[in-house]
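Below you'll find the structure, written out as structure tokens, and then a few comments.
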Amino acid sequence: MSKYMNLIGGYAKKAILIKIDSKRKNKVLKKYTLLIEKNKNSILSENKKDIKFALRKRLKNNLIDRLILNRKKLKSIINSIKKIIKLKDPVDTTLEKWTRPNGLIIKKVSMPIGVIGVIYESRPNVTTDVASLCFKSGNAVILKGGSESINTNKILAKLFRKALKENKIDENFIQFIDSKNRKLVDYMLSKMKNYIDVIIPRGGKNLVEKVQKFSSVPIIGHLEGICHTFVDKDANLKMATNIIYNAKLRNTSICGATETILLHKKIILKFCNPILNKLAENNCKIYGDKIVKKYYRGKIFSAKEKNWSTEYLSPAISVKCVKNCDEAISHINKYGTKHTDSIITKNNQTAKKFLKNIKSSIAMHNTSTQFADGGEFGFGGEVGISTNTLPPRGPVGLEQLVSYKYEIKSKGKTRK
């Protein structure tokens, strides 16, 4: 095992020594889209094997939903890569430049991070998004997908390597760990700091907790997405109803789905039933506090303390009545996970207060939390959402996958 993993690490380190210009990077990505298009049937055939395995294993429905590929999803994957092709290469860009009084000319220049390790579950589009983003930003990537999607991930990684080879570029810019052995993840986390510069976990709470606990390599990632939508006293009812319906039910299995609704006490009588009825009509289970239970006429379960800390990733939601915006902010900062939180209000002063005081990496006003996504931000895709306090924060796309260095010039300056 150690020999296999160290070999992969060594190959990745060697690959990043090669500097590739933007034109060649885009040629590889273009070739990759053509290979996906050409091998559609083979990809879907491999995906069927994974679905069969997942059903036999009795995986949760939301995991199986993430795993399934079809022609529409493949088209979306190709479009995502095409967007990345159009984005400006973030490497070797002068971010700032200034001259000191002593004659030093200082430039802050972007550079690749190096070797990125990505550990992920279920979603095959992670393979394509991550490989494309890492390659375009000049990084090598070591991919470790979940056992439930090994066949799909394997073919998608293989096609990327083929695109590299056909363009006479070291195919080890992209490497896929072709094994279901979970001990390889432990090795990757604890024994590869000489090879891997950063680890990005994409998956459920258990995976991310494990990575945070055992990794000797720096991490970019988030533990959970407990996202909130706060309906202020100055909200528009129709807007609030539509946004909350979308924020919860458009896709319940993504980390940007709203998991808790906070209702201002001054609008609860008028807003509670229309908003919650629309969710209930679409089979959403509702947990409410005592005040919400008093006003809501539909089926409702009592919310307990644990509900405020629950990421459902299913058609279920917690609802709480709050006195004002300050209490909403306080609740979010206590129970939230610094992911994505939104306020619905016509009052710009209240919105400003909310946006400036919640600790989340993404703060929204009159917007569905489901927009917490690199593609929606115009990043072409994402390798994940970061809730770290230190940067990068929010969706990690192309420009977040670079570091920087200072390049300094002078005419023979020496320091006194």
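As shown in the structure tokens, the chain order sets the letters A, B, ...; within each chain, residues go from 1, and ligands are also counted from 1 in the order they appear.
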*Ile358 (chain A) surroundings by only C-alpha atoms, 9 Å radius, close-in-sequence under 4 positions cut, as a list in words*: Ile329, Ser330, Ile332, Asn333, Lys338, Asp341, Lys353, Phe354 and Ala363 of chain A
Would you give me, as a tab-separated table, each residue of region 313-385 of chain A having an atom within 8 Å of an atom of region 124-147 of chain A, along with its shortest atom pair and that distance in Å to one decimal, using only C-alpha atoms and sorting by chain and residue number?
residue	atom	partner	partner_atom	distance
A:Gly381	CA	A:Asp129	CA	5.9
A:Glu382	CA	A:Asp129	CA	6.5
A:Val383	CA	A:Val130	CA	5.2
Can those selected residues be exported to a file as a PDB file, in the first residue's frame so that it contains C-alpha atoms?
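Dumped to selection-v7.pdb:
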ATOM      1  CA  GLY A 381     -17.407  24.653 -11.273  1.00  0.00           C
ATOM      2  CA  GLU A 382     -16.014  24.066  -7.817  1.00  0.00           C
ATOM      3  CA  VAL A 383     -13.861  21.630  -5.928  1.00  0.00           C
TER       4      VAL A 383
END
*Got a sec: who's within 9 Å of Arg66 (chain A), counting only C-alpha atoms, leaving out chain neighbours fewer than 6 positions off, as a list in words?*
Ser122, Arg123, Pro124 and Ser253 of chain A
*Which residues come within 12 Å of Ala247 (chain A), counting only C-alpha atoms, excluding same-chain residues fewer than 5 positions away, as JSON, numbers by chain?*
{"A": [227, 228, 229, 230, 239, 240, 241, 242, 252, 253, 254, 255, 256, 257, 258, 259, 260, 261, 275, 279, 313, 315, 317, 340, 341, 342, 343, 344, 364, 366, 367, 368, 369, 370, 371, 372]}
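Shell of region 294-301 of chain A at 6 Å, with only C-alpha atoms counted and residues fewer than 5 places along the chain excluded, is Asn273, Ile286 and Tyr287 of chain A.
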_When you look at Phe160 (chain A) with a cut-off of 10 Å (counting only C-alpha atoms), what residues show up, excluding the ones that are within fewer than 3 positions of it in the same chain? I need them as a PyMOL selection string._
chain A and resi 28-29+31-33+35-36+127-128+131-132+155-157+163-166+171+173-175
So that I have them on file, write out the residues from the current selection with C-alpha atoms, as a short mmCIF file (atom, residue, chain, number, x, y, z; two decimals), in the first residue's frame.
data_model
loop_
_atom_site.label_atom_id
_atom_site.label_comp_id
_atom_site.auth_asym_id
_atom_site.auth_seq_id
_atom_site.Cartn_x
_atom_site.Cartn_y
_atom_site.Cartn_z
CA VAL A 28 -6.55 19.33 -23.20
CA LEU A 29 -9.89 20.40 -21.71
CA LYS A 31 -10.20 17.17 -26.00
CA TYR A 32 -11.66 15.94 -22.70
CA THR A 33 -15.15 17.22 -23.62
CA LEU A 35 -13.83 12.18 -25.34
CA ILE A 36 -16.74 12.34 -22.86
CA THR A 127 -14.17 13.88 -10.87
CA THR A 128 -14.62 16.04 -13.97
CA ALA A 131 -9.73 17.42 -12.55
CA SER A 132 -10.52 20.32 -14.91
CA ILE A 155 -13.57 5.93 -16.70
CA LEU A 156 -13.91 9.71 -16.31
CA ALA A 157 -10.37 9.96 -14.90
CA ALA A 163 -6.69 13.85 -23.26
CA LEU A 164 -3.38 14.72 -21.56
CA LYS A 165 -1.47 11.95 -23.34
CA GLU A 166 -2.84 12.90 -26.75
CA GLU A 171 -0.89 12.21 -17.69
CA PHE A 173 -1.38 15.63 -13.58
CA ILE A 174 -4.56 13.59 -12.94
CA GLN A 175 -4.36 10.38 -10.93
#
*Which parts of region 232-345 of chain A does DSSP call strand (DSSP E) when run on the backbone here, written out as a PyMOL selection string?*
chain A and resi 258-264+285-288+301-302+316-322+340-344
Residue selection dump (C-alpha atoms) as a tab-separated table (two decimals), in the first residue's frame:
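Okay, this is what ended up in part.tsv:
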chain	number	residue	atom	x	y	z
A	258	THR	CA	-31.94	25.55	3.66
A	259	GLU	CA	-32.37	23.43	6.80
A	260	THR	CA	-33.87	26.02	9.19
A	261	ILE	CA	-36.40	28.82	8.63
A	262	LEU	CA	-36.44	31.73	11.07
A	263	LEU	CA	-39.68	33.78	11.09
A	264	HIS	CA	-39.91	37.28	12.61
A	285	LYS	CA	-41.75	17.24	7.13
A	286	ILE	CA	-41.93	20.28	9.43
A	287	TYR	CA	-40.47	20.65	12.93
A	288	GLY	CA	-41.55	23.83	14.72
A	301	PHE	CA	-43.72	17.97	14.87
A	302	SER	CA	-42.18	19.52	17.98
A	316	ALA	CA	-37.56	18.05	6.28
A	317	ILE	CA	-37.08	21.46	7.88
A	318	SER	CA	-36.86	23.17	11.28
A	319	VAL	CA	-38.84	26.38	11.88
A	320	LYS	CA	-38.37	28.91	14.69
A	321	CYS	CA	-39.97	32.23	15.64
A	322	VAL	CA	-37.48	35.00	16.51
A	340	THR	CA	-24.75	29.91	3.57
A	341	ASP	CA	-27.47	32.02	5.20
A	342	SER	CA	-30.05	34.33	3.72
A	343	ILE	CA	-32.35	37.17	4.82
A	344	ILE	CA	-35.62	38.04	3.06
*Using only C-alpha atoms, which of the listed residues (A:Lys409, A:Arg250, A:Lys323, A:Lys193) sits closest to Ile116 (chain A)?*
A:Lys193
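If only C-alpha atoms are the atoms counted, then among A:Ile150, A:Ile226, A:Ile18, A:Met5 the closest residue to Lys48 (chain A) is A:Ile150.
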Identify all residues of region 145-359 of chain A in helix (DSSP H, G or I) (DSSP on the backbone) and supply them as a tab-separated table (two decimals) with N, CA and C atoms, in the first residue's frame.
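Saved file part_13.tsv follows:
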chain	number	residue	atom	x	y	z
A	147	SER	N	-16.27	4.08	-2.89
A	147	SER	CA	-16.40	2.74	-3.50
A	147	SER	C	-17.69	2.61	-4.31
A	148	GLU	N	-18.72	3.39	-3.92
A	148	GLU	CA	-20.01	3.29	-4.61
A	148	GLU	C	-19.98	3.84	-6.02
A	149	SER	N	-18.96	4.66	-6.35
A	149	SER	CA	-18.92	5.25	-7.70
A	149	SER	C	-17.60	4.96	-8.42
A	150	ILE	N	-16.94	3.90	-8.02
A	150	ILE	CA	-15.58	3.64	-8.52
A	150	ILE	C	-15.51	3.43	-10.04
A	151	ASN	N	-16.49	2.73	-10.61
A	151	ASN	CA	-16.45	2.45	-12.06
A	151	ASN	C	-16.63	3.71	-12.89
A	152	THR	N	-17.59	4.56	-12.47
A	152	THR	CA	-17.85	5.81	-13.20
A	152	THR	C	-16.65	6.75	-13.08
A	153	ASN	N	-16.15	6.90	-11.86
A	153	ASN	CA	-15.01	7.80	-11.64
A	153	ASN	C	-13.78	7.34	-12.41
A	154	LYS	N	-13.59	6.04	-12.43
A	154	LYS	CA	-12.42	5.46	-13.09
A	154	LYS	C	-12.40	5.81	-14.59
A	155	ILE	N	-13.54	5.64	-15.25
A	155	ILE	CA	-13.57	5.93	-16.70
A	155	ILE	C	-13.43	7.43	-16.97
A	156	LEU	N	-14.02	8.26	-16.11
A	156	LEU	CA	-13.91	9.71	-16.31
A	156	LEU	C	-12.48	10.19	-16.11
A	157	ALA	N	-11.78	9.61	-15.13
A	157	ALA	CA	-10.37	9.96	-14.90
A	157	ALA	C	-9.49	9.44	-16.04
A	158	LYS	N	-9.81	8.24	-16.49
A	158	LYS	CA	-9.05	7.61	-17.60
A	158	LYS	C	-9.14	8.46	-18.87
A	159	LEU	N	-10.32	9.01	-19.14
A	159	LEU	CA	-10.51	9.84	-20.33
A	159	LEU	C	-9.73	11.15	-20.22
A	160	PHE	N	-9.64	11.70	-19.00
A	160	PHE	CA	-8.85	12.92	-18.83
A	160	PHE	C	-7.37	12.62	-19.09
A	161	ARG	N	-6.90	11.50	-18.55
A	161	ARG	CA	-5.50	11.11	-18.77
A	161	ARG	C	-5.22	10.89	-20.26
A	162	LYS	N	-6.22	10.37	-20.96
A	162	LYS	CA	-6.08	10.17	-22.41
A	162	LYS	C	-5.95	11.53	-23.12
A	163	ALA	N	-6.75	12.50	-22.67
A	163	ALA	CA	-6.69	13.85	-23.26
A	163	ALA	C	-5.31	14.47	-23.04
A	164	LEU	N	-4.74	14.22	-21.87
A	164	LEU	CA	-3.38	14.72	-21.56
A	164	LEU	C	-2.35	14.05	-22.47
A	165	LYS	N	-2.44	12.73	-22.55
A	165	LYS	CA	-1.47	11.95	-23.34
A	165	LYS	C	-1.50	12.35	-24.80
A	166	GLU	N	-2.71	12.55	-25.34
A	166	GLU	CA	-2.84	12.90	-26.75
A	166	GLU	C	-2.29	14.30	-27.04
A	171	GLU	N	0.47	12.59	-18.11
A	171	GLU	CA	-0.89	12.21	-17.69
A	171	GLU	C	-1.04	12.15	-16.17
A	172	ASN	N	0.07	12.21	-15.44
A	172	ASN	CA	0.01	12.13	-13.98
A	172	ASN	C	-0.37	13.45	-13.32
A	173	PHE	N	-0.72	14.45	-14.13
A	173	PHE	CA	-1.38	15.63	-13.58
A	173	PHE	C	-2.70	15.19	-12.92
A	183	LYS	N	-8.24	1.94	3.82
A	183	LYS	CA	-6.97	2.24	4.48
A	183	LYS	C	-6.11	3.19	3.65
A	184	LEU	N	-6.39	3.22	2.34
A	184	LEU	CA	-5.66	4.14	1.46
A	184	LEU	C	-5.97	5.59	1.81
A	185	VAL	N	-7.21	5.84	2.26
A	185	VAL	CA	-7.60	7.19	2.69
A	185	VAL	C	-6.80	7.57	3.92
A	186	ASP	N	-6.70	6.64	4.88
A	186	ASP	CA	-5.93	6.90	6.11
A	186	ASP	C	-4.48	7.23	5.77
A	187	TYR	N	-3.92	6.47	4.81
A	187	TYR	CA	-2.52	6.68	4.42
A	187	TYR	C	-2.36	8.06	3.76
A	188	MET	N	-3.33	8.39	2.90
A	188	MET	CA	-3.32	9.67	2.21
A	188	MET	C	-3.32	10.83	3.21
A	189	LEU	N	-4.10	10.70	4.27
A	189	LEU	CA	-4.25	11.76	5.27
A	189	LEU	C	-3.03	11.87	6.18
A	190	SER	N	-2.49	10.73	6.58
A	190	SER	CA	-1.48	10.76	7.63
A	190	SER	C	-0.04	10.59	7.18
A	191	LYS	N	0.16	10.07	5.96
A	191	LYS	CA	1.54	9.73	5.57
A	191	LYS	C	2.02	10.40	4.28
A	205	LYS	N	-20.81	14.19	6.61
A	205	LYS	CA	-20.22	14.60	7.89
A	205	LYS	C	-19.16	13.61	8.38
A	206	ASN	N	-19.43	12.32	8.24
A	206	ASN	CA	-18.48	11.31	8.74
A	206	ASN	C	-17.13	11.40	8.03
A	207	LEU	N	-17.20	11.57	6.70
A	207	LEU	CA	-15.96	11.68	5.92
A	207	LEU	C	-15.17	12.92	6.34
A	208	VAL	N	-15.86	14.06	6.40
A	208	VAL	CA	-15.17	15.31	6.70
A	208	VAL	C	-14.60	15.30	8.12
A	209	GLU	N	-15.37	14.74	9.06
A	209	GLU	CA	-14.88	14.62	10.44
A	209	GLU	C	-13.60	13.80	10.50
A	210	LYS	N	-13.60	12.72	9.75
A	210	LYS	CA	-12.43	11.84	9.71
A	210	LYS	C	-11.22	12.59	9.16
A	211	VAL	N	-11.44	13.31	8.07
A	211	VAL	CA	-10.35	14.06	7.45
A	211	VAL	C	-9.80	15.10	8.43
A	212	GLN	N	-10.71	15.83	9.10
A	212	GLN	CA	-10.27	16.85	10.04
A	212	GLN	C	-9.50	16.25	11.21
A	213	LYS	N	-9.91	15.06	11.60
A	213	LYS	CA	-9.29	14.42	12.77
A	213	LYS	C	-7.89	13.86	12.45
A	214	PHE	N	-7.75	13.24	11.29
A	214	PHE	CA	-6.53	12.49	11.00
A	214	PHE	C	-5.53	13.16	10.06
A	237	LEU	N	-44.39	38.60	1.16
A	237	LEU	CA	-44.88	37.24	1.38
A	237	LEU	C	-44.65	36.34	0.16
A	238	LYS	N	-45.00	36.84	-1.03
A	238	LYS	CA	-44.86	36.02	-2.24
A	238	LYS	C	-43.39	35.66	-2.47
A	239	MET	N	-42.51	36.65	-2.32
A	239	MET	CA	-41.08	36.41	-2.50
A	239	MET	C	-40.57	35.40	-1.48
A	240	ALA	N	-40.97	35.59	-0.23
A	240	ALA	CA	-40.52	34.69	0.84
A	240	ALA	C	-40.96	33.25	0.59
A	241	THR	N	-42.22	33.09	0.15
A	241	THR	CA	-42.77	31.75	-0.12
A	241	THR	C	-42.00	31.07	-1.24
A	242	ASN	N	-41.76	31.81	-2.33
A	242	ASN	CA	-41.04	31.24	-3.48
A	242	ASN	C	-39.59	30.91	-3.16
A	243	ILE	N	-38.92	31.83	-2.47
A	243	ILE	CA	-37.50	31.61	-2.15
A	243	ILE	C	-37.34	30.40	-1.23
A	244	ILE	N	-38.17	30.32	-0.18
A	244	ILE	CA	-38.03	29.21	0.78
A	244	ILE	C	-38.35	27.87	0.12
A	245	TYR	N	-39.36	27.85	-0.73
A	245	TYR	CA	-39.70	26.61	-1.44
A	245	TYR	C	-38.50	26.14	-2.26
A	246	ASN	N	-37.88	27.07	-2.99
A	246	ASN	CA	-36.72	26.74	-3.80
A	246	ASN	C	-35.52	26.37	-2.95
A	247	ALA	N	-35.28	27.15	-1.89
A	247	ALA	CA	-34.10	26.95	-1.03
A	247	ALA	C	-34.14	25.60	-0.32
A	248	LYS	N	-35.34	25.09	-0.05
A	248	LYS	CA	-35.45	23.80	0.62
A	248	LYS	C	-35.60	22.64	-0.36
A	249	LEU	N	-36.53	22.79	-1.31
A	249	LEU	CA	-36.96	21.61	-2.07
A	249	LEU	C	-36.43	21.49	-3.50
A	268	ILE	N	-45.43	36.32	11.70
A	268	ILE	CA	-45.71	34.89	11.81
A	268	ILE	C	-47.18	34.56	11.54
A	269	LEU	N	-48.10	35.41	12.00
A	269	LEU	CA	-49.54	35.16	11.79
A	269	LEU	C	-49.88	35.14	10.30
A	270	LYS	N	-49.33	36.09	9.54
A	270	LYS	CA	-49.65	36.21	8.13
A	270	LYS	C	-48.82	35.25	7.25
A	271	PHE	N	-47.56	35.00	7.61
A	271	PHE	CA	-46.63	34.27	6.74
A	271	PHE	C	-46.54	32.77	7.01
A	272	CYS	N	-46.78	32.39	8.24
A	272	CYS	CA	-46.52	31.01	8.65
A	272	CYS	C	-47.22	29.97	7.78
A	273	ASN	N	-48.53	30.10	7.62
A	273	ASN	CA	-49.29	29.08	6.88
A	273	ASN	C	-48.99	29.04	5.39
A	274	PRO	N	-48.99	30.19	4.68
A	274	PRO	CA	-48.67	30.11	3.25
A	274	PRO	C	-47.29	29.49	2.96
A	275	ILE	N	-46.29	29.89	3.73
A	275	ILE	CA	-44.93	29.38	3.49
A	275	ILE	C	-44.84	27.89	3.79
A	276	LEU	N	-45.34	27.49	4.97
A	276	LEU	CA	-45.19	26.09	5.38
A	276	LEU	C	-46.13	25.16	4.63
A	277	ASN	N	-47.31	25.67	4.24
A	277	ASN	CA	-48.24	24.83	3.46
A	277	ASN	C	-47.63	24.43	2.13
A	278	LYS	N	-46.94	25.37	1.49
A	278	LYS	CA	-46.33	25.05	0.18
A	278	LYS	C	-45.28	23.95	0.34
A	279	LEU	N	-44.55	23.96	1.45
A	279	LEU	CA	-43.57	22.90	1.71
A	279	LEU	C	-44.28	21.58	2.01
A	280	ALA	N	-45.30	21.65	2.87
A	280	ALA	CA	-46.02	20.44	3.28
A	280	ALA	C	-46.72	19.77	2.11
A	290	LYS	N	-42.60	26.11	19.82
A	290	LYS	CA	-43.95	26.27	20.41
A	290	LYS	C	-44.77	27.34	19.71
A	291	ILE	N	-44.16	28.45	19.37
A	291	ILE	CA	-44.90	29.56	18.75
A	291	ILE	C	-45.34	29.17	17.33
A	292	VAL	N	-44.46	28.56	16.58
A	292	VAL	CA	-44.80	28.12	15.22
A	292	VAL	C	-45.93	27.09	15.28
A	293	LYS	N	-45.85	26.17	16.23
A	293	LYS	CA	-46.90	25.14	16.39
A	293	LYS	C	-48.26	25.78	16.70
A	294	LYS	N	-48.23	26.87	17.43
A	294	LYS	CA	-49.46	27.58	17.81
A	294	LYS	C	-50.15	28.19	16.58
A	295	TYR	N	-49.34	28.69	15.63
A	295	TYR	CA	-49.92	29.39	14.48
A	295	TYR	C	-50.11	28.51	13.24
A	305	GLU	N	-34.00	20.70	20.74
A	305	GLU	CA	-32.71	21.37	20.62
A	305	GLU	C	-31.88	20.80	19.46
A	306	LYS	N	-31.90	19.47	19.29
A	306	LYS	CA	-31.08	18.82	18.25
A	306	LYS	C	-31.50	19.23	16.84
A	307	ASN	N	-32.79	19.62	16.66
A	307	ASN	CA	-33.25	20.01	15.33
A	307	ASN	C	-32.52	21.24	14.79
A	308	TRP	N	-32.13	22.15	15.69
A	308	TRP	CA	-31.45	23.37	15.23
A	308	TRP	C	-30.04	23.05	14.72
A	309	SER	N	-29.53	21.87	15.06
A	309	SER	CA	-28.19	21.47	14.61
A	309	SER	C	-28.24	20.34	13.60
A	325	CYS	N	-34.12	40.79	14.11
A	325	CYS	CA	-32.95	40.41	13.30
A	325	CYS	C	-31.77	40.00	14.19
A	326	ASP	N	-31.61	40.69	15.31
A	326	ASP	CA	-30.51	40.36	16.24
A	326	ASP	C	-30.60	38.92	16.73
A	327	GLU	N	-31.83	38.49	17.06
A	327	GLU	CA	-32.00	37.11	17.53
A	327	GLU	C	-31.74	36.11	16.40
A	328	ALA	N	-32.13	36.49	15.18
A	328	ALA	CA	-31.88	35.63	14.01
A	328	ALA	C	-30.36	35.46	13.82
A	329	ILE	N	-29.63	36.57	13.88
A	329	ILE	CA	-28.17	36.54	13.72
A	329	ILE	C	-27.54	35.67	14.81
A	330	SER	N	-28.01	35.87	16.04
A	330	SER	CA	-27.49	35.11	17.18
A	330	SER	C	-27.73	33.61	17.02
A	331	HIS	N	-28.94	33.24	16.56
A	331	HIS	CA	-29.27	31.83	16.33
A	331	HIS	C	-28.36	31.23	15.25
A	332	ILE	N	-28.22	31.95	14.15
A	332	ILE	CA	-27.39	31.46	13.03
A	332	ILE	C	-25.94	31.28	13.46
A	333	ASN	N	-25.41	32.27	14.17
A	333	ASN	CA	-24.01	32.17	14.60
A	333	ASN	C	-23.79	31.07	15.63
A	334	LYS	N	-24.85	30.71	16.36
A	334	LYS	CA	-24.74	29.63	17.35
A	334	LYS	C	-24.87	28.25	16.70
A	335	TYR	N	-25.87	28.08	15.84
A	335	TYR	CA	-26.18	26.75	15.30
A	335	TYR	C	-25.69	26.54	13.86
A	348	ASN	N	-33.35	47.62	3.49
A	348	ASN	CA	-31.93	47.50	3.17
A	348	ASN	C	-31.02	47.65	4.39
A	349	GLN	N	-31.45	48.43	5.37
A	349	GLN	CA	-30.66	48.62	6.59
A	349	GLN	C	-30.59	47.31	7.38
A	350	THR	N	-31.75	46.65	7.49
A	350	THR	CA	-31.81	45.36	8.20
A	350	THR	C	-30.96	44.33	7.45
A	351	ALA	N	-31.07	44.35	6.12
A	351	ALA	CA	-30.31	43.40	5.30
A	351	ALA	C	-28.81	43.62	5.51
A	352	LYS	N	-28.40	44.88	5.52
A	352	LYS	CA	-26.97	45.21	5.71
A	352	LYS	C	-26.48	44.70	7.06
A	353	LYS	N	-27.30	44.91	8.08
A	353	LYS	CA	-26.95	44.45	9.44
A	353	LYS	C	-26.75	42.94	9.45
A	354	PHE	N	-27.67	42.22	8.80
A	354	PHE	CA	-27.61	40.76	8.73
A	354	PHE	C	-26.35	40.31	7.98
A	355	LEU	N	-26.13	40.86	6.80
A	355	LEU	CA	-25.00	40.47	5.96
A	355	LEU	C	-23.65	40.71	6.63
A	356	LYS	N	-23.57	41.80	7.40
A	356	LYS	CA	-22.29	42.14	8.03
A	356	LYS	C	-22.03	41.37	9.32
A	357	ASN	N	-23.08	40.84	9.95
A	357	ASN	CA	-22.90	40.24	11.29
A	357	ASN	C	-22.96	38.72	11.37
